[in-house]
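Heads up, final33.cif below (mmCIF, C-alpha atoms):
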```
data_data
#
loop_
_atom_site.group_PDB
_atom_site.id
_atom_site.type_symbol
_atom_site.label_atom_id
_atom_site.label_comp_id
_atom_site.auth_asym_id
_atom_site.auth_seq_id
_atom_site.Cartn_x
_atom_site.Cartn_y
_atom_site.Cartn_z
ATOM 1 C CA MET A 1 42.899 83.114 177.138
ATOM 2 C CA SER A 2 46.336 84.316 176.080
ATOM 3 C CA ILE A 3 47.798 82.463 173.088
ATOM 4 C CA LYS A 4 51.601 82.532 172.949
ATOM 5 C CA ARG A 5 52.590 79.020 171.836
ATOM 6 C CA VAL A 6 50.908 77.487 168.791
ATOM 7 C CA GLY A 7 51.030 73.919 167.549
ATOM 8 C CA ILE A 8 50.200 73.207 163.911
ATOM 9 C CA ILE A 9 49.569 69.719 162.571
ATOM 10 C CA GLY A 10 49.741 68.847 158.876
ATOM 11 C CA SER A 11 52.486 68.688 156.280
ATOM 12 C CA GLY A 12 50.742 70.485 153.424
ATOM 13 C CA ILE A 13 50.988 74.026 152.117
ATOM 14 C CA MET A 14 48.304 75.187 154.555
ATOM 15 C CA GLY A 15 50.282 74.061 157.576
ATOM 16 C CA SER A 16 53.395 75.881 156.437
ATOM 17 C CA GLY A 17 51.410 78.988 155.524
ATOM 18 C CA ILE A 18 49.601 79.164 158.864
ATOM 19 C CA ALA A 19 52.907 78.636 160.673
ATOM 20 C CA GLU A 20 54.383 81.601 158.816
ATOM 21 C CA VAL A 21 51.408 83.799 159.678
ATOM 22 C CA ALA A 22 51.477 82.821 163.360
ATOM 23 C CA ALA A 23 55.253 83.282 163.684
ATOM 24 C CA ALA A 24 55.117 86.640 161.918
ATOM 25 C CA ALA A 25 52.668 87.720 164.631
ATOM 26 C CA GLY A 26 55.217 86.755 167.300
ATOM 27 C CA HIS A 27 53.946 83.325 168.328
ATOM 28 C CA GLU A 28 56.240 80.392 169.063
ATOM 29 C CA VAL A 29 55.254 77.677 166.587
ATOM 30 C CA VAL A 30 55.785 73.917 166.566
ATOM 31 C CA LEU A 31 54.994 72.257 163.225
ATOM 32 C CA ARG A 32 54.167 68.585 163.493
ATOM 33 C CA SER A 33 54.361 66.188 160.545
ATOM 34 C CA ARG A 34 54.280 62.398 160.396
ATOM 35 C CA SER A 35 57.841 62.186 159.035
ATOM 36 C CA GLN A 36 60.953 64.206 159.755
ATOM 37 C CA ALA A 37 61.443 64.749 156.040
ATOM 38 C CA ALA A 38 57.999 66.341 155.765
ATOM 39 C CA ALA A 39 58.611 68.469 158.860
ATOM 40 C CA ASP A 40 61.945 69.654 157.469
ATOM 41 C CA ALA A 41 60.317 70.374 154.103
ATOM 42 C CA MET A 42 57.666 72.530 155.764
ATOM 43 C CA VAL A 43 60.258 74.550 157.642
ATOM 44 C CA ALA A 44 62.313 74.895 154.449
ATOM 45 C CA GLY A 45 59.209 76.013 152.549
ATOM 46 C CA LEU A 46 58.550 78.669 155.144
ATOM 47 C CA GLY A 47 62.150 79.847 154.813
ATOM 48 C CA ALA A 48 61.800 80.049 151.044
ATOM 49 C CA SER A 49 58.618 82.092 151.395
ATOM 50 C CA LEU A 50 60.339 84.525 153.748
ATOM 51 C CA ALA A 51 63.333 84.791 151.388
ATOM 52 C CA LYS A 52 61.019 85.799 148.532
ATOM 53 C CA GLN A 53 59.496 88.484 150.730
ATOM 54 C CA VAL A 54 62.966 89.830 151.490
ATOM 55 C CA GLU A 55 63.778 89.893 147.765
ATOM 56 C CA LYS A 56 60.604 91.858 147.077
ATOM 57 C CA GLY A 57 61.336 94.304 149.871
ATOM 58 C CA LYS A 58 58.356 93.241 151.969
ATOM 59 C CA ARG A 59 60.534 92.197 154.911
ATOM 60 C CA THR A 60 64.073 92.868 156.053
ATOM 61 C CA GLU A 61 66.539 89.994 156.412
ATOM 62 C CA GLU A 62 66.495 90.505 160.177
ATOM 63 C CA GLU A 63 62.682 90.205 160.273
ATOM 64 C CA ALA A 64 62.825 87.024 158.223
ATOM 65 C CA ARG A 65 65.436 85.511 160.566
ATOM 66 C CA GLU A 66 63.379 86.409 163.638
ATOM 67 C CA ILE A 67 60.244 84.801 162.181
ATOM 68 C CA ALA A 68 62.084 81.661 161.085
ATOM 69 C CA ALA A 69 63.637 81.322 164.549
ATOM 70 C CA LEU A 70 60.177 81.046 166.106
ATOM 71 C CA VAL A 71 59.314 77.920 164.103
ATOM 72 C CA ARG A 72 60.545 74.380 164.532
ATOM 73 C CA GLY A 73 59.452 71.061 163.079
ATOM 74 C CA THR A 74 58.795 67.788 164.861
ATOM 75 C CA THR A 75 57.292 64.351 164.317
ATOM 76 C CA HIS A 76 56.101 63.968 167.921
ATOM 77 C CA LEU A 77 52.643 65.061 169.063
ATOM 78 C CA GLY A 78 54.044 65.122 172.587
ATOM 79 C CA GLU A 79 55.977 68.294 171.745
ATOM 80 C CA LEU A 80 52.642 70.134 171.551
ATOM 81 C CA VAL A 81 51.969 69.541 175.254
ATOM 82 C CA GLU A 82 52.599 73.171 176.244
ATOM 83 C CA ALA A 83 50.827 74.792 173.279
ATOM 84 C CA ASP A 84 48.074 77.282 174.095
ATOM 85 C CA LEU A 85 46.425 76.569 170.745
ATOM 86 C CA VAL A 86 46.734 73.515 168.503
ATOM 87 C CA LEU A 87 45.400 73.904 164.969
ATOM 88 C CA GLU A 88 45.156 70.860 162.715
ATOM 89 C CA SER A 89 45.236 70.987 158.922
ATOM 90 C CA VAL A 90 45.345 67.297 158.028
ATOM 91 C CA VAL A 91 43.373 65.420 155.375
ATOM 92 C CA GLU A 92 39.659 66.310 155.090
ATOM 93 C CA ASP A 93 38.493 63.034 156.560
ATOM 94 C CA LEU A 94 36.231 63.206 159.603
ATOM 95 C CA ALA A 95 37.334 59.873 161.055
ATOM 96 C CA VAL A 96 41.008 60.896 160.840
ATOM 97 C CA LYS A 97 40.305 64.258 162.454
ATOM 98 C CA LYS A 98 38.220 62.774 165.279
ATOM 99 C CA ALA A 99 40.967 60.301 166.110
ATOM 100 C CA LEU A 100 43.520 63.127 166.119
ATOM 101 C CA PHE A 101 41.398 65.293 168.423
ATOM 102 C CA ALA A 102 40.967 62.406 170.851
ATOM 103 C CA GLU A 103 44.730 61.920 170.937
ATOM 104 C CA LEU A 104 45.409 65.638 171.361
ATOM 105 C CA ASP A 105 42.929 65.744 174.234
ATOM 106 C CA SER A 106 45.034 63.204 176.111
ATOM 107 C CA ILE A 107 48.315 64.998 175.374
ATOM 108 C CA CYS A 108 47.743 68.742 175.618
ATOM 109 C CA LYS A 109 47.408 70.686 178.847
ATOM 110 C CA PRO A 110 43.778 71.020 180.042
ATOM 111 C CA GLU A 111 43.387 74.657 178.989
ATOM 112 C CA THR A 112 44.704 74.227 175.426
ATOM 113 C CA ILE A 113 42.299 75.255 172.672
ATOM 114 C CA LEU A 114 42.008 72.587 169.980
ATOM 115 C CA ALA A 115 41.047 73.938 166.558
ATOM 116 C CA THR A 116 40.479 72.615 163.064
ATOM 117 C CA ASN A 117 41.231 74.255 159.748
ATOM 118 C CA THR A 118 38.480 72.254 158.051
ATOM 119 C CA SER A 119 36.601 74.080 155.312
ATOM 120 C CA THR A 120 33.474 71.925 155.436
ATOM 121 C CA LEU A 121 33.337 69.170 158.071
ATOM 122 C CA PRO A 122 31.224 69.435 161.270
ATOM 123 C CA VAL A 123 33.384 70.874 164.038
ATOM 124 C CA VAL A 124 31.033 69.617 166.753
ATOM 125 C CA GLU A 125 31.895 66.001 165.923
ATOM 126 C CA MET A 126 35.579 66.724 166.520
ATOM 127 C CA ALA A 127 34.688 68.540 169.737
ATOM 128 C CA MET A 128 32.731 65.546 171.022
ATOM 129 C CA ALA A 129 35.729 63.273 170.419
ATOM 130 C CA THR A 130 37.415 65.135 173.294
ATOM 131 C CA GLY A 131 36.762 65.692 176.956
ATOM 132 C CA ARG A 132 36.947 69.450 176.429
ATOM 133 C CA PRO A 133 34.257 70.260 173.828
ATOM 134 C CA GLU A 134 33.972 73.802 175.200
ATOM 135 C CA LEU A 135 37.588 74.409 174.084
ATOM 136 C CA VAL A 136 37.158 73.240 170.471
ATOM 137 C CA CYS A 137 36.366 75.488 167.501
ATOM 138 C CA GLY A 138 37.151 75.984 163.837
ATOM 139 C CA ILE A 139 39.793 78.442 162.633
ATOM 140 C CA HIS A 140 39.621 78.223 158.845
ATOM 141 C CA PHE A 141 42.458 80.006 157.039
ATOM 142 C CA PHE A 142 42.350 80.301 153.256
ATOM 143 C CA ASN A 143 45.084 79.335 150.810
ATOM 144 C CA PRO A 144 47.656 80.862 150.608
ATOM 145 C CA ALA A 145 47.426 81.730 154.292
ATOM 146 C CA PRO A 146 50.058 84.518 154.246
ATOM 147 C CA ALA A 147 48.204 86.389 151.481
ATOM 148 C CA MET A 148 44.509 85.726 152.129
ATOM 149 C CA THR A 149 42.980 88.055 154.713
ATOM 150 C CA LEU A 150 39.831 86.121 155.620
ATOM 151 C CA VAL A 151 39.599 83.635 158.483
ATOM 152 C CA GLU A 152 36.314 81.869 159.283
ATOM 153 C CA VAL A 153 36.062 81.250 163.029
ATOM 154 C CA VAL A 154 33.543 78.452 163.447
ATOM 155 C CA ARG A 155 31.434 78.175 166.587
ATOM 156 C CA PRO A 156 30.086 74.683 167.281
ATOM 157 C CA LEU A 157 27.183 74.361 169.732
ATOM 158 C CA THR A 158 29.616 73.183 172.405
ATOM 159 C CA ALA A 159 32.159 76.039 172.248
ATOM 160 C CA ALA A 160 32.508 78.460 175.147
ATOM 161 C CA ASP A 161 32.299 82.181 174.417
ATOM 162 C CA SER A 162 35.842 82.567 175.732
ATOM 163 C CA THR A 163 37.117 79.980 173.212
ATOM 164 C CA VAL A 164 35.563 81.782 170.266
ATOM 165 C CA ALA A 165 36.773 85.142 171.567
ATOM 166 C CA ALA A 166 40.333 83.797 171.855
ATOM 167 C CA ALA A 167 40.180 82.384 168.312
ATOM 168 C CA LEU A 168 38.923 85.695 166.923
ATOM 169 C CA GLU A 169 41.671 87.574 168.744
ATOM 170 C CA PHE A 170 44.318 85.122 167.508
ATOM 171 C CA ALA A 171 43.207 85.731 163.922
ATOM 172 C CA ARG A 172 43.272 89.510 164.409
ATOM 173 C CA ILE A 173 46.774 89.397 165.931
ATOM 174 C CA CYS A 174 47.831 87.398 162.859
ATOM 175 C CA GLY A 175 46.694 90.345 160.738
ATOM 176 C CA LYS A 176 43.557 88.659 159.430
ATOM 177 C CA ASP A 177 39.926 89.733 159.175
ATOM 178 C CA PRO A 178 37.984 87.046 161.069
ATOM 179 C CA VAL A 179 34.288 86.363 160.590
ATOM 180 C CA GLU A 180 32.397 84.276 163.146
ATOM 181 C CA VAL A 181 30.189 81.605 161.569
ATOM 182 C CA LYS A 182 27.833 78.855 162.710
ATOM 183 C CA ASP A 183 29.025 75.267 162.517
ATOM 184 C CA GLN A 184 27.268 74.362 159.279
ATOM 185 C CA ALA A 185 28.752 72.506 156.303
ATOM 186 C CA GLY A 186 30.661 74.853 154.014
ATOM 187 C CA PHE A 187 30.418 77.748 156.472
ATOM 188 C CA ILE A 188 30.171 80.916 154.312
ATOM 189 C CA VAL A 189 32.658 80.786 151.484
ATOM 190 C CA ASN A 190 32.445 77.153 150.400
ATOM 191 C CA ALA A 191 28.671 77.053 150.786
ATOM 192 C CA LEU A 192 28.471 79.835 148.200
ATOM 193 C CA LEU A 193 31.518 78.983 146.082
ATOM 194 C CA PHE A 194 31.067 75.289 145.366
ATOM 195 C CA PRO A 195 27.596 75.384 143.794
ATOM 196 C CA TYR A 196 29.096 77.897 141.343
ATOM 197 C CA LEU A 197 32.080 75.636 140.619
ATOM 198 C CA ASN A 198 29.863 72.578 140.311
ATOM 199 C CA ASN A 199 27.520 74.340 137.884
ATOM 200 C CA ALA A 200 30.492 75.415 135.789
ATOM 201 C CA VAL A 201 31.378 71.722 135.398
ATOM 202 C CA ARG A 202 27.737 71.055 134.495
ATOM 203 C CA LEU A 203 27.925 73.669 131.710
ATOM 204 C CA LEU A 204 31.114 72.076 130.388
ATOM 205 C CA GLU A 205 29.649 68.578 130.523
ATOM 206 C CA GLY A 206 26.557 69.804 128.704
ATOM 207 C CA GLY A 207 28.656 71.314 125.910
ATOM 208 C CA VAL A 208 27.473 74.882 126.529
ATOM 209 C CA ALA A 209 31.021 76.232 126.136
ATOM 210 C CA THR A 210 34.649 75.160 126.412
ATOM 211 C CA ARG A 211 36.557 75.285 129.684
ATOM 212 C CA GLU A 212 38.578 78.205 128.277
ATOM 213 C CA GLY A 213 35.401 80.001 127.270
ATOM 214 C CA ILE A 214 33.754 79.555 130.663
ATOM 215 C CA ASP A 215 36.889 80.680 132.490
ATOM 216 C CA ALA A 216 37.226 83.730 130.222
ATOM 217 C CA ALA A 217 33.547 84.611 130.700
ATOM 218 C CA MET A 218 33.738 84.582 134.492
ATOM 219 C CA LYS A 219 36.959 86.588 134.513
ATOM 220 C CA GLY A 220 35.784 89.144 131.980
ATOM 221 C CA GLY A 221 32.121 89.267 132.948
ATOM 222 C CA CYS A 222 32.339 89.049 136.742
ATOM 223 C CA GLY A 223 35.840 90.356 137.399
ATOM 224 C CA PHE A 224 36.982 87.128 139.060
ATOM 225 C CA PRO A 225 40.779 86.723 139.276
ATOM 226 C CA MET A 226 40.539 83.228 137.781
ATOM 227 C CA GLY A 227 37.887 81.123 136.137
ATOM 228 C CA PRO A 228 36.149 78.146 137.783
ATOM 229 C CA PHE A 229 38.257 75.453 136.105
ATOM 230 C CA ALA A 230 41.557 77.121 136.937
ATOM 231 C CA LEU A 231 40.310 77.467 140.507
ATOM 232 C CA LEU A 232 39.167 73.847 140.731
ATOM 233 C CA ASP A 233 42.591 72.710 139.524
ATOM 234 C CA LEU A 234 44.250 74.922 142.125
ATOM 235 C CA VAL A 235 42.061 73.677 144.996
ATOM 236 C CA GLY A 236 42.392 70.055 143.857
ATOM 237 C CA LEU A 237 39.594 68.082 142.245
ATOM 238 C CA ASP A 238 39.620 65.479 145.016
ATOM 239 C CA THR A 239 39.317 68.173 147.670
ATOM 240 C CA SER A 240 36.556 69.853 145.670
ATOM 241 C CA LEU A 241 34.658 66.582 145.338
ATOM 242 C CA ALA A 242 34.978 65.897 149.073
ATOM 243 C CA ILE A 243 33.597 69.363 149.859
ATOM 244 C CA LEU A 244 30.645 68.903 147.501
ATOM 245 C CA ASP A 245 29.888 65.472 148.971
ATOM 246 C CA ALA A 246 29.944 66.902 152.507
ATOM 247 C CA LEU A 247 27.635 69.748 151.476
ATOM 248 C CA TYR A 248 25.241 67.353 149.761
ATOM 249 C CA ASP A 249 25.213 64.987 152.730
ATOM 250 C CA GLU A 250 24.121 67.826 155.014
ATOM 251 C CA PHE A 251 21.648 69.710 152.818
ATOM 252 C CA ARG A 252 20.541 67.298 150.039
ATOM 253 C CA ASP A 253 20.460 70.291 147.682
ATOM 254 C CA PRO A 254 20.869 69.298 143.980
ATOM 255 C CA ASN A 255 23.311 72.191 143.517
ATOM 256 C CA TYR A 256 25.701 70.292 145.793
ATOM 257 C CA ALA A 257 25.394 66.963 143.938
ATOM 258 C CA ALA A 258 28.769 66.583 142.213
ATOM 259 C CA VAL A 259 28.575 66.523 138.417
ATOM 260 C CA PRO A 260 29.636 63.092 137.060
ATOM 261 C CA LEU A 261 32.512 64.595 135.042
ATOM 262 C CA LEU A 262 34.177 65.835 138.238
ATOM 263 C CA ARG A 263 33.826 62.432 139.870
ATOM 264 C CA ARG A 264 35.268 60.683 136.804
ATOM 265 C CA LEU A 265 38.313 62.956 136.738
ATOM 266 C CA VAL A 266 38.990 62.202 140.395
ATOM 267 C CA SER A 267 38.596 58.453 139.776
ATOM 268 C CA SER A 268 41.164 58.685 136.985
ATOM 269 C CA GLY A 269 43.687 60.429 139.237
ATOM 270 C CA GLN A 270 43.502 63.750 137.393
ATOM 271 C CA LEU A 271 43.341 65.993 140.447
ATOM 272 C CA GLY A 272 44.550 69.331 139.107
ATOM 273 C CA ARG A 273 47.841 71.114 139.614
ATOM 274 C CA LYS A 274 49.130 68.646 142.199
ATOM 275 C CA THR A 275 49.036 65.800 139.652
ATOM 276 C CA LYS A 276 49.964 68.070 136.724
ATOM 277 C CA LYS A 277 46.615 67.371 135.059
ATOM 278 C CA GLY A 278 43.008 68.181 135.819
ATOM 279 C CA PHE A 279 40.704 70.288 133.708
ATOM 280 C CA TYR A 280 43.931 71.727 132.264
ATOM 281 C CA ASP A 281 47.247 70.038 131.485
ATOM 282 C CA TYR A 282 50.208 71.378 133.510
ATOM 283 C CA GLN A 283 52.830 68.910 132.309
ATOM 284 C CA ARG A 284 54.517 71.312 129.936
#
```
If you convert what's in this file into structure tokens, what do you get?
Amino acid sequence: MSIKRVGIIGSGIMGSGIAEVAAAAGHEVVLRSRSQAAADAMVAGLGASLAKQVEKGKRTEEEAREIAALVRGTTHLGELVEADLVLESVVEDLAVKKALFAELDSICKPETILATNTSTLPVVEMAMATGRPELVCGIHFFNPAPAMTLVEVVRPLTAADSTVAAALEFARICGKDPVEVKDQAGFIVNALLFPYLNNAVRLLEGGVATREGIDAAMKGGCGFPMGPFALLDLVGLDTSLAILDALYDEFRDPNYAAVPLLRRLVSSGQLGRKTKKGFYDYQR
């Protein structure tokens, strides 16, 4: 399966980042958002990212122009009809994703691979919402997509070998280091990462140390680039809670049971950097 044209769905930072990565590898990219304003903002964000790379000497102006020219925004799913691969990065809600996959199945050409950027949800359920389950897989980029080298390629029970092989090759062409994983909640990274983050919240709630102390300990003692609370704020507390809930639903492991403090912060709308307040205050 040769992937030349790529459709990306989702108006967040992941969608824009994946679009940049795919275009930089020479793919034609169509970015689909619900509104034209969001689509335009994604394309503008990609342009800003490329401009910064030019300023830092990582790309020439000509390279940046060539990459930007390969990307266009749209509000119409119908413009993905000729895509060889469609990768969605919408809200982490299984019902929303299943409905989207069913719609894509009716729009895209029969040989199009449909992929999800989910970090936790069962890919097989999205596959079974289509009439082409053998052509559905997970292609999980990490944030920020242009900088992070890992891609988890998720193989549901229904995926054909050729689909997984094409996804792995797509990731390699995009300059990433793909790892094939079984379709299991959390895959590799989140299954290991989120018990650690959850237990950090448990330590804070239990008064073992301050958030600053715990963050400093994990940076200084383990060499992590940021502490657990800074990372939770970056990921988003609502996203983190959704991941923990999905992990707990699948495994019923107490390490995945979200600590009440995390749930209370989400209920109060303190979601981290995106709301300017989470475990830390970013309003200044």
One decimal, in Å: what's the spacing between CA of Gln184 (chain A) and CA of Ser119 (chain A)?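 According to the coordinates, CA of Gln184 (chain A) and CA of Ser119 (chain A) are separated by 10.1 Å.
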Considering all atoms listed in the file, can you say which of A:Ala37, A:Val266, A:Val123, A:Leu70 comes closest to Ala242 (chain A)?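 Between A:Ala37, A:Val266, A:Val123, A:Leu70, the residue approaching Ala242 (chain A) most closely is A:Val266.
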Where is the centre and how long are the edges: axis-aligned box on region 47-61 of chain A, 6 Å on each side, Å to one decimal, as AutoDock Vina command-line options:
```
--center_x 62.4 --center_y 87.1 --center_z 151.7 --size_x 20.2 --size_y 26.5 --size_z 21.3
```
Within 10 Å of region 85-105 of chain A, which residues of region 164-231 of chain A come that close, and what is the closest atom pair and distance in Å for each? Count all atoms listed in the file and give it as JSON lines.
```
{"residue": "A:Ala166", "atom": "CA", "partner": "A:Leu85", "partner_atom": "CA", "distance": 9.5}
{"residue": "A:Ala167", "atom": "CA", "partner": "A:Leu85", "partner_atom": "CA", "distance": 8.9}
{"residue": "A:Phe170", "atom": "CA", "partner": "A:Leu85", "partner_atom": "CA", "distance": 9.4}
```
Select, from A:Ala257, A:Leu204, A:Leu271, A:Cys222, the residue with the minimum atom-to-atom distance to Leu234 (chain A), counting all atoms listed in the file. A:Leu271
Report, in Å with one decimal, the straight-line distance from CA of Val6 (chain A) to CA of Ile113 (chain A).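 Distance reported for this atom pair: 9.7 Å.
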Shortest interatomic distance to Pro144 (chain A) - which of A:Met14, A:Leu46, A:Ala217, A:Ala160, counting only C-alpha atoms: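 Using only C-alpha atoms, the shortest distance to Pro144 (chain A) belongs to A:Met14.
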Counting only C-alpha atoms, note down every residue that has an atom within 12 Å of the point (44.6, 71.6, 181.3) (file coordinates), as a VMD selection string. chain A and resid 81 to 85 104 to 114 131 to 132 135
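In terms of minimum interatomic distance to Asp249 (chain A), A:Pro122 ranks closest within A:Pro228, A:Gly15, A:Gly272, A:Pro122, counting only C-alpha atoms.
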CA of Ala24 (chain A) to CA of Ile67 (chain A), distance in Å rounded to a single decimal: 5.5 Å
Running the PyMOL selection byres ((chain A and resi 205-216) around 7) on this model by hand, what would come out? Give it as number ranges by chain. A: 201-204, 217-220, 226-229, 261
Reference answer for the PyMOL selection byres ((chain A and resi 153) around 9), as a PyMOL selection string: chain A and resi 137-141+151-152+154-155+164+167-168+171+178-182
Identify all residues satisfying the PyMOL selection byres ((chain A and resi 66) around 12) in the given file; provide them as a list of chain:residue names.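 Listing what the PyMOL selection byres ((chain A and resi 66) around 12) selects in the shown file: A:Glu20, A:Ala23, A:Ala24, A:Ala25, A:Gly26, A:His27, A:Glu28, A:Gly47, A:Leu50, A:Arg59, A:Thr60, A:Glu61, A:Glu62, A:Glu63, A:Ala64, A:Arg65, A:Ile67, A:Ala68, A:Ala69, A:Leu70, A:Val71.
Candidate residues A:Thr120, A:Thr149, A:Thr275, A:Asn199 were compared for distance to Leu262 (chain A), and the nearest is A:Asn199, using all atoms listed in the file.
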